[in-house]
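**Student:** Submitted below is the structure of interest, expressed as structure tokens.
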Amino acid sequence: MKIANQYNHLNGLEFLIVNKPKLWQEIQEAIKSIDANKFLKKSKDKTKTGKTIYSQKLLNKEFERILNPLGWEPQKTPYYVTSNLSVAREISQMRDKNEQAAYIKSKGLEPLSTNNQVDFVKDRVAVEVQFGKYFSVAYDLHVKHTFFFLRDDIDVGIEIIPTREMMRRMDTGVAWFENEVANVIREGRSNPTVPIVIIGIEPEVLIELPKKSRRRKTK
């Protein structure tokens with residue numbers, strides 16, 4: 001595959017080039033090494049039933065196969081929340097989950113366990129490969145990357161998503177680069193608050209665009 005386009009938010013790209021050039025190179029090479037046309041499936045989508053499209057699941061696994069041996073591993077961070085908004089604000093800067101739980105209990109409240117997880121982390125760089133539904137990228141940017149950045153666990157985030165042309169050859173509802181970048185631009189330069197590079201990927205040669213299946217009208 002190739003990097004068809006990229007968006008640099010809060011100088012995330014400059015940070016990678018200057019401070020983490022080896023990691024930035026690993027991500028670029030991982031993308032280029034994948035032949036997406038080897039990871040296809042028959043669609044079960046109502047508008048594309050039986051058509052050949054790219055398999056999000058298989059592509060995700062291929063990224064794991066390539067990046068995991070290089071030291072890029074998922075990072076899962078458990079923490080506690082509470083329904084009391086005042087207490088929630090007070091514990092928002094606490095890093096230790098046990099400290100959070102103890103403080104919530106001291107207020108006579110029940111600690112509610114939850115967690116945040118990112119696909120790949122290495123040397124304070126977080127990477128999400130997102131072939132999910134349209135709302136998934138917003139969650140990655142404003143929750144996942146921001147969460148780990150504000151905890152001082154990472155310095156920069158990378159979001160890898162398909163371009164519109166690749167998205168058209170996937171299941172319905174997948175997020176796509178051009179649209180997600182437009183959303184970030186509309187929100188202003190400082191939102192989200194974490195330096196991020198959004199990468200739009202697509203195959204060097206795209207498969208034939210699947211035609212929509214037509215439903216037969218019943219009398």
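Chain identifiers are assigned as A, B, and so on, following the order in which chains appear in the structure tokens; residues are numbered from 1 within each chain, and ligands are numbered from 1 in order of appearance.
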Using DSSP on the backbone coordinates, identify the residues of segment 72-133 of chain A assigned to strand (DSSP E); present them as JSON, numbers by chain.
**Tutor:** {"A": [73, 74, 75, 76, 77, 78, 79, 80, 81, 112, 113, 114, 115, 116, 117, 118, 119, 120, 121, 122, 125, 126, 127, 128, 129]}
**Student:** Quick one: residues within 10 Å of segment 165-168 of chain A, only C-alpha atoms, excluding same-chain residues fewer than 6 positions away - as a ChimeraX atom specification?
**Tutor:** /A:36,53-54,131,174-177,200-203,206-207,209-210
**Student:** Got time to write the residues from that selection, N, CA and C atoms, as a PDB file, in the first residue's frame?
**Tutor:**
ATOM      1  N   ALA A  36      -2.497  -4.927  -0.117  1.00  0.00           N
ATOM      2  CA  ALA A  36      -3.891  -5.043   0.323  1.00  0.00           C
ATOM      3  C   ALA A  36      -4.714  -5.963  -0.562  1.00  0.00           C
ATOM      4  N   ILE A  53     -14.315  -7.265  -1.761  1.00  0.00           N
ATOM      5  CA  ILE A  53     -13.897  -6.008  -1.132  1.00  0.00           C
ATOM      6  C   ILE A  53     -12.695  -6.281  -0.227  1.00  0.00           C
ATOM      7  N   TYR A  54     -12.088  -5.213   0.288  1.00  0.00           N
ATOM      8  CA  TYR A  54     -10.968  -5.360   1.208  1.00  0.00           C
ATOM      9  C   TYR A  54     -11.463  -5.792   2.585  1.00  0.00           C
ATOM     10  N   PHE A 131      -9.982   0.781  10.641  1.00  0.00           N
ATOM     11  CA  PHE A 131     -10.839   0.441   9.516  1.00  0.00           C
ATOM     12  C   PHE A 131     -12.286   0.274   9.981  1.00  0.00           C
ATOM     13  N   VAL A 174     -17.386   2.747   6.774  1.00  0.00           N
ATOM     14  CA  VAL A 174     -15.996   2.863   7.236  1.00  0.00           C
ATOM     15  C   VAL A 174     -15.543   4.332   7.164  1.00  0.00           C
ATOM     16  N   ALA A 175     -14.794   4.773   8.185  1.00  0.00           N
ATOM     17  CA  ALA A 175     -14.258   6.140   8.200  1.00  0.00           C
ATOM     18  C   ALA A 175     -13.232   6.305   7.084  1.00  0.00           C
ATOM     19  N   TRP A 176     -13.124   7.527   6.550  1.00  0.00           N
ATOM     20  CA  TRP A 176     -12.175   7.776   5.463  1.00  0.00           C
ATOM     21  C   TRP A 176     -11.451   9.097   5.653  1.00  0.00           C
ATOM     22  N   PHE A 177     -10.213   9.122   5.156  1.00  0.00           N
ATOM     23  CA  PHE A 177      -9.257  10.186   5.422  1.00  0.00           C
ATOM     24  C   PHE A 177      -9.800  11.585   5.142  1.00  0.00           C
ATOM     25  N   GLY A 200      -3.634   8.796   5.337  1.00  0.00           N
ATOM     26  CA  GLY A 200      -4.609   8.174   4.442  1.00  0.00           C
ATOM     27  C   GLY A 200      -3.917   7.168   3.551  1.00  0.00           C
ATOM     28  N   ILE A 201      -4.303   5.896   3.652  1.00  0.00           N
ATOM     29  CA  ILE A 201      -3.638   4.842   2.882  1.00  0.00           C
ATOM     30  C   ILE A 201      -4.576   4.247   1.831  1.00  0.00           C
ATOM     31  N   GLU A 202      -3.969   3.684   0.799  1.00  0.00           N
ATOM     32  CA  GLU A 202      -4.728   2.953  -0.217  1.00  0.00           C
ATOM     33  C   GLU A 202      -3.767   2.048  -0.975  1.00  0.00           C
ATOM     34  N   PRO A 203      -4.271   1.006  -1.648  1.00  0.00           N
ATOM     35  CA  PRO A 203      -3.403   0.118  -2.427  1.00  0.00           C
ATOM     36  C   PRO A 203      -2.795   0.848  -3.618  1.00  0.00           C
ATOM     37  N   LEU A 206      -5.922  -0.329  -7.089  1.00  0.00           N
ATOM     38  CA  LEU A 206      -7.202  -0.608  -6.450  1.00  0.00           C
ATOM     39  C   LEU A 206      -7.962  -1.704  -7.192  1.00  0.00           C
ATOM     40  N   ILE A 207      -8.659  -2.555  -6.453  1.00  0.00           N
ATOM     41  CA  ILE A 207      -9.514  -3.555  -7.090  1.00  0.00           C
ATOM     42  C   ILE A 207     -10.708  -2.859  -7.729  1.00  0.00           C
ATOM     43  N   LEU A 209     -14.217  -1.463  -8.441  1.00  0.00           N
ATOM     44  CA  LEU A 209     -15.212  -0.944  -7.507  1.00  0.00           C
ATOM     45  C   LEU A 209     -16.465  -1.807  -7.552  1.00  0.00           C
ATOM     46  N   PRO A 210     -16.890  -2.368  -6.410  1.00  0.00           N
ATOM     47  CA  PRO A 210     -18.087  -3.220  -6.419  1.00  0.00           C
ATOM     48  C   PRO A 210     -19.348  -2.414  -6.705  1.00  0.00           C
TER      49      PRO A 210
END
**Student:** Considering only C-alpha atoms, return as a JSON list (two decimals) with C-alpha atoms, in the first residue's frame whatever protein or nucleic-acid residues lie within 7 Å of segment 46-52 of chain A, sequence-local ones (same chain, fewer than 6 positions apart) excluded.
**Tutor:**
[["chain", "number", "residue", "atom", "x", "y", "z"],
["A", 40, "LEU", "CA", -9.92, -9.62, 0.29],
["A", 210, "PRO", "CA", -18.09, -3.22, -6.42],
["A", 211, "LYS", "CA", -21.45, -2.30, -7.87],
["A", 212, "LYS", "CA", -24.37, -1.96, -5.53],
["A", 213, "SER", "CA", -26.68, -4.95, -5.43]]
**Student:** Give the answer as one residue: which of A:Ser106, A:Asn5, A:Thr172, A:Asn60 has the shortest atom-to-atom distance to Phe39 of chain A, using only C-alpha atoms?
**Tutor:** A:Asn60
**Student:** With only C-alpha atoms as the counted atoms, please give the residues lying no more than 7 Å from segment 89-95 of chain A, apart from itself and same-chain residues fewer than 4 positions off, as a ChimeraX atom specification.
**Tutor:** /A:85,100,151
**Student:** Can you pull out every residue within 10 Å of Asn191 of chain A, counting only C-alpha atoms, but drop anything in the same chain fewer than 2 positions away, and send it as JSON, numbers by chain?
**Tutor:** {"A": [9, 10, 141, 142, 146, 184, 185, 186, 187, 188, 189, 193, 194, 195]}
**Student:** Taking the DSSP secondary structure from the backbone, can you list the residues of segment 13-107 of chain A that are helix (DSSP H, G or I), as a PyMOL selection string?
**Tutor:** chain A and resi 13-19+21-33+36-38+56-70+85-91+97-106
**Student:** In terms of the shortest atom-to-atom distance over only C-alpha atoms, which of A:Lys133, A:His145, A:Arg124, A:Lys76 is closest to Ile161 of chain A?
**Tutor:**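 Of all the options, A:Lys133 lies closest to Ile161 of chain A.
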**Student:** Applying 8 Å and only C-alpha atoms, which residues near Gln75 of chain A remain after dropping the ones on its own chain fewer than 3 positions away? List them as a ChimeraX atom specification.
**Tutor:** /A:117-121
**Student:** At a cut-off of 12 Å, using only C-alpha atoms, what residues contact Asn84 of chain A? Leave out same-chain residues fewer than 5 positions from it and give the result as an MDAnalysis selection string.
**Tutor:** chainID A and resid 89:91 104:105 107:112
**Student:** Pick from A:Asp155, A:Asp35, A:Asp171, A:Glu99: nearest to Phe15 of chain A, with only C-alpha atoms counted?
**Tutor:**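 Of A:Asp155, A:Asp35, A:Asp171, A:Glu99, the one nearest Phe15 of chain A is A:Asp155, counting only C-alpha atoms.
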